[in-house]
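K.L.:
I'd like to ask you about the structure that follows.
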Amino acid sequence: MHSAKRFSRRAVLRVGTAAAAASVLAACGTTPAPTPAPAKPTEAPKPAATTAPAAPAAAATTAPTSAPAAGAATKPAAAATTAPAAQPAAGGAAVSLRVAYWSSSPEDHNVFENVFKAFNEKNPNIKVTFDDVPSDGFDTKMQTEMAAGTPADAMELHPAWVLRFIQAKRLNDLTDRMKDDKNLYIPAQLDFWSDQGKIFGVPYYSGPSFIFYNKTLFKKVGAKTPDDYKAEGAWTWENLRKAAKDTTTGSGADKTLGWDGHDVDNMQFYFSVPVWDNGAELLNKDETAWLVDQPGVVEVAQMHADMFLKDKSIPLPADLQGISWLFRTGRVGMAWAGKFRSIELANADFEIGIIGTPKGKTGPVNRDGPNASGLPVGTKYVDQAYQVAKFFGGPEAAPIYLATGRPVPVQKALLDSDVFKKSLKPYEKLEVYQESINTVRAWRVPGKGPEINRAWKAEWDKVLVGQQDIPTAMKNAKAAMDPLLKT
Amino acid sequence: MLARRRALHVTLHVLLVLLSTIYVVPFLWMVSTSLKLSGREITFPPQWIPDPVVWGNYYRAVTVVPMFQFLRNTLVVTITATCCGVLTASLAGYAFARLRFPGRDKLFAMCLTALMLPGIVTLIPEFLIFKQLTLLDTLWPLIIPWSLGGSAFAVFLFRQYALTIPLDLDEAARVDGAGAFRIWWSIMLPLARPVLATLAILSVIYHWNEFLRPLVYIHTPSLRTLAIGLALFKSEYLVEWNLMMAAATLMLIPILVLFFVAQRYFVQGIVMTGIKG
Amino acid sequence: MSAIARSRAATTVRRGSSLARKQAVEGYLCILPWLVGFVCFTLGPMVGALALSFTEYDIITPPDFTGLANLQRVFKDPLFYQSLGNTAYISLLSVPLQQMLALSLAMALNEKLKGIAIYRTIFYLPSQMPLVAAALLWLWIFNPDFGLANALLDKVGLPTLKWLFDVNLVKPSIVLITLWGGIGTPMIVFLAGLQGVPESLYEAAAIDGAGAWQRFRNVTVPMISPVIFFNLIIGVIASFQAYFTLVYTTTQGGPANASLIYIIYLFFKAFKDFEMGYASALAWLLFLVVLALTGIQFYFARRWVHYEGGAR
């Protein structure tokens, strides 16, 4: 009687079978016409890096989009691969580049803009367009563009996922181009972007770890400060725990917490440091098996679990909901930080101290969350893009970029420069930054990085909600993460 | 009868006031945060009335990110996609409800399946299609798919609504020699005003806040939309809460006004009076 | 009820074949814009995703055909089951609650009350707020130490809760948020539907001595049943894919995967883990589940959905 009746079963089922039939077709390898390009026959994965299967197609669409000023740039698509460098040198039309980075705030956005503007002024025949991609969608956008063969000319790299792009051969090998420039950089800063002795990224930002502490709070509870310990030569993880306990007071809305070290569920960027300081390792030498169930690691994990659950000196993830950085509220004794945090403290209503990473059996060893520029395979103007990338981390951009107080320099010469010194706020200390960047150990989670990180976090979650103890968690983590080392 | 009605209304008022408090609290918190000092958005205990009140956040929010430029793009996309989408979706919905043609129900089932596959996995194929059409880095990928038939949601809703309208009306028009388009235009659309208003509102809100497609398709800064602008206040480690909430509040106001105006189409009785003779 | 029966009888009409042909042509013309859009921008990408589900595809290099390997893997993947379970849990709880709340609100907001426009606007407000901002606000509300939720519990003398960081509470907490943010759309759809119910039917029912509940049961429900049906179909479909931004911004699937809903897992696989092929397989499995649920609903629709003017 009603149309919905007849429609319901048969029609829906028939569509279902049609879909199934289509799937069989697809399974046979005959990709139907509307199916877009990704199912193209796999090219022989020879030296794919430089031949760039997608390059000719890419030229057709990237050039007009990024070159409103230079129509001429669209024509020599074929010639582009042969002599891209000679062209602008001959004084012809300007080359247009699109570079994709994410800024961390509107102010930061302007800093990027100003860096590229300064570059344009020095290099009138290279026009740079800044594609500020919100960090929430950065990887999605980069991957989609690569799939379509239309990547940006330069893109921001992050150690959390750079290996994947290197191993897929989607980033240009810069080893030869950087032959003469290599020595400018702090070696660890290059290690983050290297694989098998080859370099794939040009550093421009570094944020090695150190600690901010709340002097006002320490004074209030009358506890020994980290600097007091340091003066005694006893700035160790053990004493950090003691200081954290001392500054953990009150409850409810009056609660203060000693140590904002909740990031322990982040292996690469946090947990690694106390483990290394303890003289232990997270992974075996050839990166085929996790060592997280070994005594040296379990010990560190146990100390943190105790600080969370017994001392209650580390905030639980629940306490941090909706807060980007608890230290800023004045409720925390000591907090792990990168230099960019110093900007957030401008309006703080308490006195701030700064100190390096504590020592353990060895150390201090530091982690870093640096950034570099990668030059994706399949673009036309690699040489020009390299110039932009080099400019960014170097002395010419320093008065704009380094002066913001956000990064620690990536080039050796800049560590002592006036630009860097002038970027420091009263509560920052040059020697803390110098020590921390010089003790950085470059490490990236190998294999299926994001998945490993999630597995690690899930095991920690269970510890923090009281579902399992540390030895079990570490055993489970190893079991979950070992298979993920193979890509 | 009247007394009972009044008693009902008083009870309703009490219930609605209580419930709407819960619904409005997050919004008030958003406005409050938008007026706080940088770095002082989170305090213990929570502060409802900011001290000091920083009106300047609103000025900064629209100037540090070129929000007015983004607004223009968002308006172009929203208005075009909504107008075309509502018309074509109502046309298709009307046909699925009222006209008989071979394969109708199968096509309608296909229409519904569009809603069932998560967009995450169709993003790349879709991107490649727009690359083939050489429409990357334009506003078209944000407009075209919705201008052709709105969304399956819209087609389905209009179909359902059309099915509740008595058949006698178009029978009478048919006898007078009216074609399908005439019936759609002069009978269906006027009768379906509430549902058209609904579809328009939903479409506007969707395009107003859409993040993923503008993110992926647009590179040129001057072509960006408001939702992307809003995301620029937030990065993984740093969030400018006050500016972000100021921008979010400003973004909300136009659609709030739109809804306030459009809701008068939901008035009992206007539409159907006189239909049942 | 008698009015409905009358109109049903009136709609039995026979037509000639030339008229049928004309109507067929008109029908195709009417759906043409939609059909073009559907084939180019929906069906094409869907088939593309289907093809990818039989490949290993890391997005940044061309896909490798691997046949049914992804499917075999899915059924051995504990997170597949867990995320599907989490989603089913949230759907089962949120869909009925949302629909009931939305219908009650729509009926209340359909009364001729003073200030009705303001009430309507307030209840629709959450649906208009940018999702990221809304999600962040709920994080603050649920913060155990200084959030509004615990402050409220504390005030009335109840023990405070961990909300989103409690393995058992995280899903109900999310459902709670969806009751705030997810009822706007079904509510205005109901509201639009209620406009189509002729006042005369209520008057007739009142004369017959029907009480409020009977009027609701015998007039409102049958008259807006197509719209209820619409909301149910859409609600179920959406519940399997919705809440992405909400969960991604608040818990990211934690603690211990307790809020890892299907769509989040799918996204992780697609764009974080470089496994778009596997993600496509996951997506198509979800498609089949949702298709089956929708088919079942259409099957049962004949028992309760009443169409005043359906073409047959």
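Quick note on naming: the chains in the structure tokens go A, B, ... in the order shown, residues restart at 1 in each chain, and ligands are numbered from 1 in order of appearance.
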According to DSSP computed on the backbone, where in region 218-308 of chain A is there helix (DSSP H, G or I)? Give the residues as an MDAnalysis selection string.
P.N.:
chainID A and resid 218:221 226:231 237:246 252:254 262:265 267:277 295:308
K.L.:
Find the residues in chain C near chain A: any atom within 8 Å counts, using only C-alpha atoms. Write them as a PyMOL selection string.
P.N.:
chain C and resi 40+44-45+47-48+50-52+54+59-65+67+136-137+139-140+142-146+162+164-167+250+254-257+271-273+288+291+295-296+298-299+301-302+306-307+310-312
K.L.:
Emit the selected residues as a PDB file, in the first residue's frame, including C-alpha atoms.
P.N.:
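Now in out_31.pdb:
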```
ATOM      1  CA  CYS C  40      30.063  12.326 -10.138  1.00  0.00           C
ATOM      2  CA  GLY C  44      32.484   7.778  -8.046  1.00  0.00           C
ATOM      3  CA  PRO C  45      34.354   8.311  -4.785  1.00  0.00           C
ATOM      4  CA  VAL C  47      33.501   3.026  -5.858  1.00  0.00           C
ATOM      5  CA  GLY C  48      36.997   4.433  -5.537  1.00  0.00           C
ATOM      6  CA  LEU C  50      35.651   0.220  -2.532  1.00  0.00           C
ATOM      7  CA  ALA C  51      38.513  -0.452  -4.897  1.00  0.00           C
ATOM      8  CA  LEU C  52      40.982   0.814  -2.316  1.00  0.00           C
ATOM      9  CA  PHE C  54      41.207  -4.419  -1.628  1.00  0.00           C
ATOM     10  CA  ILE C  59      48.219   7.292   0.462  1.00  0.00           C
ATOM     11  CA  ILE C  60      51.624   8.686  -0.403  1.00  0.00           C
ATOM     12  CA  THR C  61      52.610   5.838  -2.721  1.00  0.00           C
ATOM     13  CA  PRO C  62      50.376   4.023  -5.238  1.00  0.00           C
ATOM     14  CA  PRO C  63      48.187   1.222  -3.841  1.00  0.00           C
ATOM     15  CA  ASP C  64      49.090  -2.469  -4.035  1.00  0.00           C
ATOM     16  CA  PHE C  65      46.336  -4.956  -4.728  1.00  0.00           C
ATOM     17  CA  GLY C  67      42.701  -9.000  -2.415  1.00  0.00           C
ATOM     18  CA  LEU C 136      36.497  22.352  24.525  1.00  0.00           C
ATOM     19  CA  LEU C 137      33.784  23.880  26.652  1.00  0.00           C
ATOM     20  CA  LEU C 139      36.163  19.502  28.653  1.00  0.00           C
ATOM     21  CA  TRP C 140      36.123  22.371  31.086  1.00  0.00           C
ATOM     22  CA  PHE C 142      33.784  17.882  33.056  1.00  0.00           C
ATOM     23  CA  ASN C 143      37.117  18.771  34.629  1.00  0.00           C
ATOM     24  CA  PRO C 144      37.120  16.890  37.957  1.00  0.00           C
ATOM     25  CA  ASP C 145      38.748  19.651  39.976  1.00  0.00           C
ATOM     26  CA  PHE C 146      37.165  22.870  38.897  1.00  0.00           C
ATOM     27  CA  LYS C 162      35.993  11.566  36.960  1.00  0.00           C
ATOM     28  CA  LEU C 164      35.632  11.574  30.767  1.00  0.00           C
ATOM     29  CA  PHE C 165      38.565   9.927  32.493  1.00  0.00           C
ATOM     30  CA  ASP C 166      36.572   7.055  33.892  1.00  0.00           C
ATOM     31  CA  VAL C 167      36.553   3.904  31.799  1.00  0.00           C
ATOM     32  CA  THR C 250      38.012  15.552  24.138  1.00  0.00           C
ATOM     33  CA  GLY C 254      40.767   7.143  25.734  1.00  0.00           C
ATOM     34  CA  PRO C 255      41.013   6.213  28.493  1.00  0.00           C
ATOM     35  CA  ALA C 256      42.298   2.790  27.517  1.00  0.00           C
ATOM     36  CA  ASN C 257      40.240   2.866  24.280  1.00  0.00           C
ATOM     37  CA  PHE C 271      45.371   9.459   7.998  1.00  0.00           C
ATOM     38  CA  LYS C 272      47.574   8.739  11.034  1.00  0.00           C
ATOM     39  CA  ASP C 273      48.730   5.185  10.410  1.00  0.00           C
ATOM     40  CA  LEU C 288      27.123  -2.908   5.256  1.00  0.00           C
ATOM     41  CA  LEU C 291      22.750  -0.643   5.267  1.00  0.00           C
ATOM     42  CA  GLY C 295      16.910  -2.061   5.539  1.00  0.00           C
ATOM     43  CA  ILE C 296      15.444  -3.502   8.731  1.00  0.00           C
ATOM     44  CA  PHE C 298      12.351   0.172   6.157  1.00  0.00           C
ATOM     45  CA  TYR C 299      11.024  -3.348   6.493  1.00  0.00           C
ATOM     46  CA  ALA C 301       8.188   0.889   8.568  1.00  0.00           C
ATOM     47  CA  ARG C 302       5.106  -0.497   6.844  1.00  0.00           C
ATOM     48  CA  HIS C 306       1.579   6.426   7.559  1.00  0.00           C
ATOM     49  CA  TYR C 307       1.831   8.341   4.284  1.00  0.00           C
ATOM     50  CA  GLY C 310       2.292   8.478  -1.239  1.00  0.00           C
ATOM     51  CA  ALA C 311       2.365   7.780  -4.946  1.00  0.00           C
ATOM     52  CA  ARG C 312       1.929   4.151  -5.648  1.00  0.00           C
TER      53      ARG C 312
END
```
K.L.:
Which residues are close to Pro426 (chain A), i.e. within 12 Å by only C-alpha atoms, leaving aside same-chain residues fewer than 5 positions away? Reply as a short mmCIF file (atom, residue, chain, number, x, y, z; two decimals) with C-alpha atoms, in the first residue's frame.
P.N.:
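As a result, around-v1.cif now contains:
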```cif
data_model
loop_
_atom_site.label_atom_id
_atom_site.label_comp_id
_atom_site.auth_asym_id
_atom_site.auth_seq_id
_atom_site.Cartn_x
_atom_site.Cartn_y
_atom_site.Cartn_z
CA SER A 342 57.95 31.22 27.81
CA ILE A 343 55.66 33.39 25.71
CA LEU A 345 54.07 33.17 30.86
CA ALA A 346 54.08 36.85 29.99
CA GLU A 351 57.72 34.39 39.97
CA ILE A 352 59.30 31.95 37.54
CA GLY A 353 62.49 29.92 37.77
CA ILE A 354 64.16 27.90 35.05
CA GLY A 405 61.39 34.00 21.63
CA LYS A 421 70.20 36.49 23.75
#
```
K.L.:
Please give the complete set of residues from region 217-410 of chain A that DSSP, run on the backbone, assigns to strand (DSSP E or B), formatted as a list in words.
P.N.:
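Here are the strand (DSSP E or B) residues of region 217-410 of chain A: Thr236, Thr249, Thr256, Leu257, Gly258, Trp259, Asp260, Leu283, Trp290, Val332, Gly333, Met334, Ala335, Trp336, Ala337, Ile352, Gly353, Ile354, Ile355, Lys359, Asn366, Asn371, Ala372, Ser373, Gly374, Pro376 and Val408 of chain A.
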K.L.:
If we count only C-alpha atoms, what is near Leu125 (chain C) at a cut-off of 10 Å, once residues fewer than 5 positions away on the same chain are taken out, given as a PyMOL selection string?
P.N.:
(chain B and resi 20+23-24+26-27+252+255-256+259) or (chain C and resi 119-120+180-181+184)
K.L.:
Write out as a PyMOL selection string which residues come within 12 Å of Leu430 (chain A) when counting only C-alpha atoms, dropping same-chain ones fewer than 6 positions away.
P.N.:
chain A and resi 210+339+354-356+405+408-409+414-424+436-437
K.L.:
Emit the selected residues as a tab-separated table (two decimals), in the first residue's frame, including N, CA and C atoms.
P.N.:
```tsv
chain	number	residue	atom	x	y	z
A	210	PHE	N	63.39	21.41	29.05
A	210	PHE	CA	63.96	21.97	30.28
A	210	PHE	C	62.78	22.13	31.23
A	339	LYS	N	60.82	25.98	24.88
A	339	LYS	CA	61.00	27.44	24.98
A	339	LYS	C	59.76	28.22	24.60
A	354	ILE	N	63.91	28.78	36.18
A	354	ILE	CA	64.16	27.90	35.05
A	354	ILE	C	65.36	27.02	35.38
A	355	ILE	N	65.29	25.75	34.99
A	355	ILE	CA	66.36	24.82	35.29
A	355	ILE	C	66.40	23.73	34.24
A	356	GLY	N	67.59	23.15	34.05
A	356	GLY	CA	67.72	22.08	33.06
A	356	GLY	C	67.14	20.77	33.57
A	405	GLY	N	61.25	34.68	20.35
A	405	GLY	CA	61.39	34.00	21.63
A	405	GLY	C	60.77	32.62	21.63
A	408	VAL	N	64.54	27.72	19.89
A	408	VAL	CA	65.96	27.70	20.20
A	408	VAL	C	66.65	27.51	18.84
A	409	PRO	N	67.76	28.20	18.59
A	409	PRO	CA	68.35	28.12	17.25
A	409	PRO	C	68.78	26.71	16.87
A	414	LEU	N	74.28	30.61	15.90
A	414	LEU	CA	73.21	31.43	16.46
A	414	LEU	C	73.02	31.22	17.96
A	415	LEU	N	73.57	30.12	18.48
A	415	LEU	CA	73.39	29.83	19.91
A	415	LEU	C	74.00	30.93	20.78
A	416	ASP	N	75.01	31.60	20.25
A	416	ASP	CA	75.69	32.66	21.00
A	416	ASP	C	75.33	34.05	20.51
A	417	SER	N	74.43	34.10	19.55
A	417	SER	CA	74.19	35.38	18.88
A	417	SER	C	73.41	36.35	19.75
A	418	ASP	N	73.53	37.63	19.43
A	418	ASP	CA	72.79	38.64	20.17
A	418	ASP	C	71.30	38.50	19.96
A	419	VAL	N	70.93	38.12	18.73
A	419	VAL	CA	69.49	37.96	18.44
A	419	VAL	C	68.88	36.99	19.43
A	420	PHE	N	69.56	35.87	19.65
A	420	PHE	CA	69.02	34.86	20.56
A	420	PHE	C	69.02	35.38	21.99
A	421	LYS	N	70.12	36.00	22.37
A	421	LYS	CA	70.20	36.49	23.75
A	421	LYS	C	69.12	37.51	24.02
A	422	LYS	N	68.88	38.37	23.04
A	422	LYS	CA	67.87	39.41	23.23
A	422	LYS	C	66.46	38.84	23.27
A	423	SER	N	66.27	37.63	22.72
A	423	SER	CA	64.93	37.04	22.70
A	423	SER	C	64.53	36.48	24.07
A	424	LEU	N	65.49	36.44	25.00
A	424	LEU	CA	65.19	35.82	26.29
A	424	LEU	C	64.44	36.77	27.22
A	436	SER	N	70.72	22.35	27.25
A	436	SER	CA	69.71	21.39	26.83
A	436	SER	C	69.83	21.06	25.35
A	437	ILE	N	70.12	22.05	24.51
A	437	ILE	CA	70.19	21.71	23.08
A	437	ILE	C	71.45	20.89	22.77
```
K.L.:
Using only C-alpha atoms, which of A:Pro203, A:Pro151, A:Pro407, A:Pro471 sits nearest Gly394 (chain A)?
P.N.:
A:Pro203
K.L.:
B:Arg213, B:Arg100, B:Arg60, B:Lys36: which is nearest chain C, counting only C-alpha atoms?
P.N.:
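Between B:Arg213, B:Arg100, B:Arg60, B:Lys36, the residue approaching chain C most closely is B:Arg100.
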K.L.:
Please identify all polymer residues within 7 Å of region 387-391 of chain A, counting only C-alpha atoms, omitting same-chain residues fewer than 5 positions from it, and present them as an MDAnalysis selection string.
P.N.:
chainID A and resid 202 373 396:397
K.L.:
So, with only C-alpha atoms as the atoms that count, which of B:Leu238, B:Ser186, B:Thr198, B:Ala247 lies closest to Glu344 (chain A)?
P.N.:
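Answer, going by the shortest atom-to-atom distance: B:Leu238.
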K.L.:
Produce a table with one row for each residue of chain B that has an atom at most 6 Å from any atom of chain A, each row naming the nearest atom pair and its distance in Å at one decimal; use only C-alpha atoms; arrange rows by chain and rising residue number; format as JSON lines.
P.N.:
```
{"residue": "B:Phe44", "atom": "CA", "partner": "A:Ala253", "partner_atom": "CA", "distance": 5.8}
{"residue": "B:Val64", "atom": "CA", "partner": "A:Pro106", "partner_atom": "CA", "distance": 5.7}
{"residue": "B:Asp105", "atom": "CA", "partner": "A:Phe7", "partner_atom": "CA", "distance": 5.4}
{"residue": "B:Lys106", "atom": "CA", "partner": "A:Ala11", "partner_atom": "CA", "distance": 5.1}
{"residue": "B:Ala109", "atom": "CA", "partner": "A:Val12", "partner_atom": "CA", "distance": 5.7}
{"residue": "B:Ile124", "atom": "CA", "partner": "A:Thr144", "partner_atom": "CA", "distance": 5.9}
{"residue": "B:Pro125", "atom": "CA", "partner": "A:Pro36", "partner_atom": "CA", "distance": 5.7}
{"residue": "B:Leu128", "atom": "CA", "partner": "A:Ala148", "partner_atom": "CA", "distance": 5.9}
{"residue": "B:Val216", "atom": "CA", "partner": "A:Lys141", "partner_atom": "CA", "distance": 5.0}
{"residue": "B:His219", "atom": "CA", "partner": "A:Asp131", "partner_atom": "CA", "distance": 5.7}
{"residue": "B:Ala231", "atom": "CA", "partner": "A:Pro134", "partner_atom": "CA", "distance": 5.9}
{"residue": "B:Leu232", "atom": "CA", "partner": "A:Pro134", "partner_atom": "CA", "distance": 5.6}
{"residue": "B:Phe233", "atom": "CA", "partner": "A:Ser105", "partner_atom": "CA", "distance": 5.3}
{"residue": "B:Ser235", "atom": "CA", "partner": "A:Ser104", "partner_atom": "CA", "distance": 5.0}
```
K.L.:
Find the residues of chain B that sit at most 6 Å from chain C; for each, write down the nearest two atoms and how far apart they are in Å, to one decimal. Count only C-alpha atoms. Sort by chain, then by number going up, and give it as CSV.
P.N.:
```
residue,atom,partner,partner_atom,distance
B:Leu91,CA,C:Cys30,CA,5.5
B:Ala92,CA,C:Ile31,CA,4.4
B:Ala95,CA,C:Gly27,CA,5.4
B:Arg98,CA,C:Ala311,CA,5.1
B:Leu99,CA,C:Gly27,CA,5.7
B:Arg100,CA,C:Ala24,CA,6.0
B:Phe101,CA,C:Ala24,CA,4.2
B:Met116,CA,C:Phe287,CA,5.3
B:Leu117,CA,C:Phe287,CA,5.2
B:Val121,CA,C:Ser280,CA,5.7
B:Thr122,CA,C:Pro45,CA,5.1
B:Pro125,CA,C:Pro45,CA,4.8
B:Glu126,CA,C:Pro45,CA,5.4
B:Pro145,CA,C:Gly37,CA,5.7
B:Leu148,CA,C:Gly37,CA,4.9
B:Gly149,CA,C:Trp34,CA,3.8
B:Gln160,CA,C:Pro226,CA,5.5
B:Leu163,CA,C:Gly309,CA,4.9
B:Thr164,CA,C:Glu308,CA,4.7
B:Ile165,CA,C:Gly309,CA,5.4
B:Pro166,CA,C:Gly309,CA,4.5
B:Leu167,CA,C:Gly309,CA,4.6
B:Pro194,CA,C:Ala192,CA,5.0
B:Val195,CA,C:Ala192,CA,5.6
B:Phe260,CA,C:Thr121,CA,6.0
B:Gln268,CA,C:Gln195,CA,5.3
B:Met272,CA,C:Pro198,CA,5.7
```
K.L.:
Write the selection just made, keeping C-alpha atoms, as a compact mmCIF listing (two decimals), in the first residue's frame?
P.N.:
```
# COMPACT_ATOMS: atom_id res chain seq x y z
CA LEU B 91 12.88 18.82 -6.83
CA ALA B 92 14.40 15.37 -6.41
CA ALA B 95 9.92 13.36 -7.69
CA ARG B 98 5.09 11.97 -6.05
CA LEU B 99 6.08 10.89 -9.52
CA ARG B 100 6.16 7.39 -10.89
CA PHE B 101 9.04 6.39 -13.09
CA MET B 116 26.32 5.41 4.89
CA LEU B 117 29.97 5.46 3.85
CA VAL B 121 37.64 7.28 2.84
CA THR B 122 36.00 9.11 -0.06
CA PRO B 125 38.94 9.88 -4.59
CA GLU B 126 36.87 13.06 -4.50
CA PRO B 145 28.51 18.74 -4.92
CA LEU B 148 23.54 19.37 -7.35
CA GLY B 149 20.85 17.83 -5.23
CA GLN B 160 9.26 12.38 3.60
CA LEU B 163 4.59 12.23 1.42
CA THR B 164 2.61 13.81 4.22
CA ILE B 165 0.89 16.26 1.87
CA PRO B 166 -2.48 14.95 0.63
CA LEU B 167 -2.50 13.76 -2.96
CA PRO B 194 8.71 24.72 7.13
CA VAL B 195 10.82 22.01 5.61
CA PHE B 260 15.70 33.52 14.96
CA GLN B 268 1.30 25.99 13.91
CA MET B 272 -2.20 23.61 6.48
```
K.L.:
Identify, on the basis of only C-alpha atoms, every residue whose closest approach to Met244 (chain B) does not exceed 8 Å; exclude the query and any residue fewer than 2 positions from it along the same chain; express the result as a list in words.
P.N.:
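That gives Ser34, Ala61, Leu230, Phe233, Lys234, Val239, Glu240, Trp241, Asn242, Ala246, Ala247 and Ala248 of chain B; Ala133 of chain C.
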K.L.:
Could you jot down the CA of Gly250 (chain A) to CA of Leu217 (chain A) separation for me, Å, one decimal place?
P.N.:
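Interatomic distance, CA of Gly250 (chain A) to CA of Leu217 (chain A): 12.4 Å.
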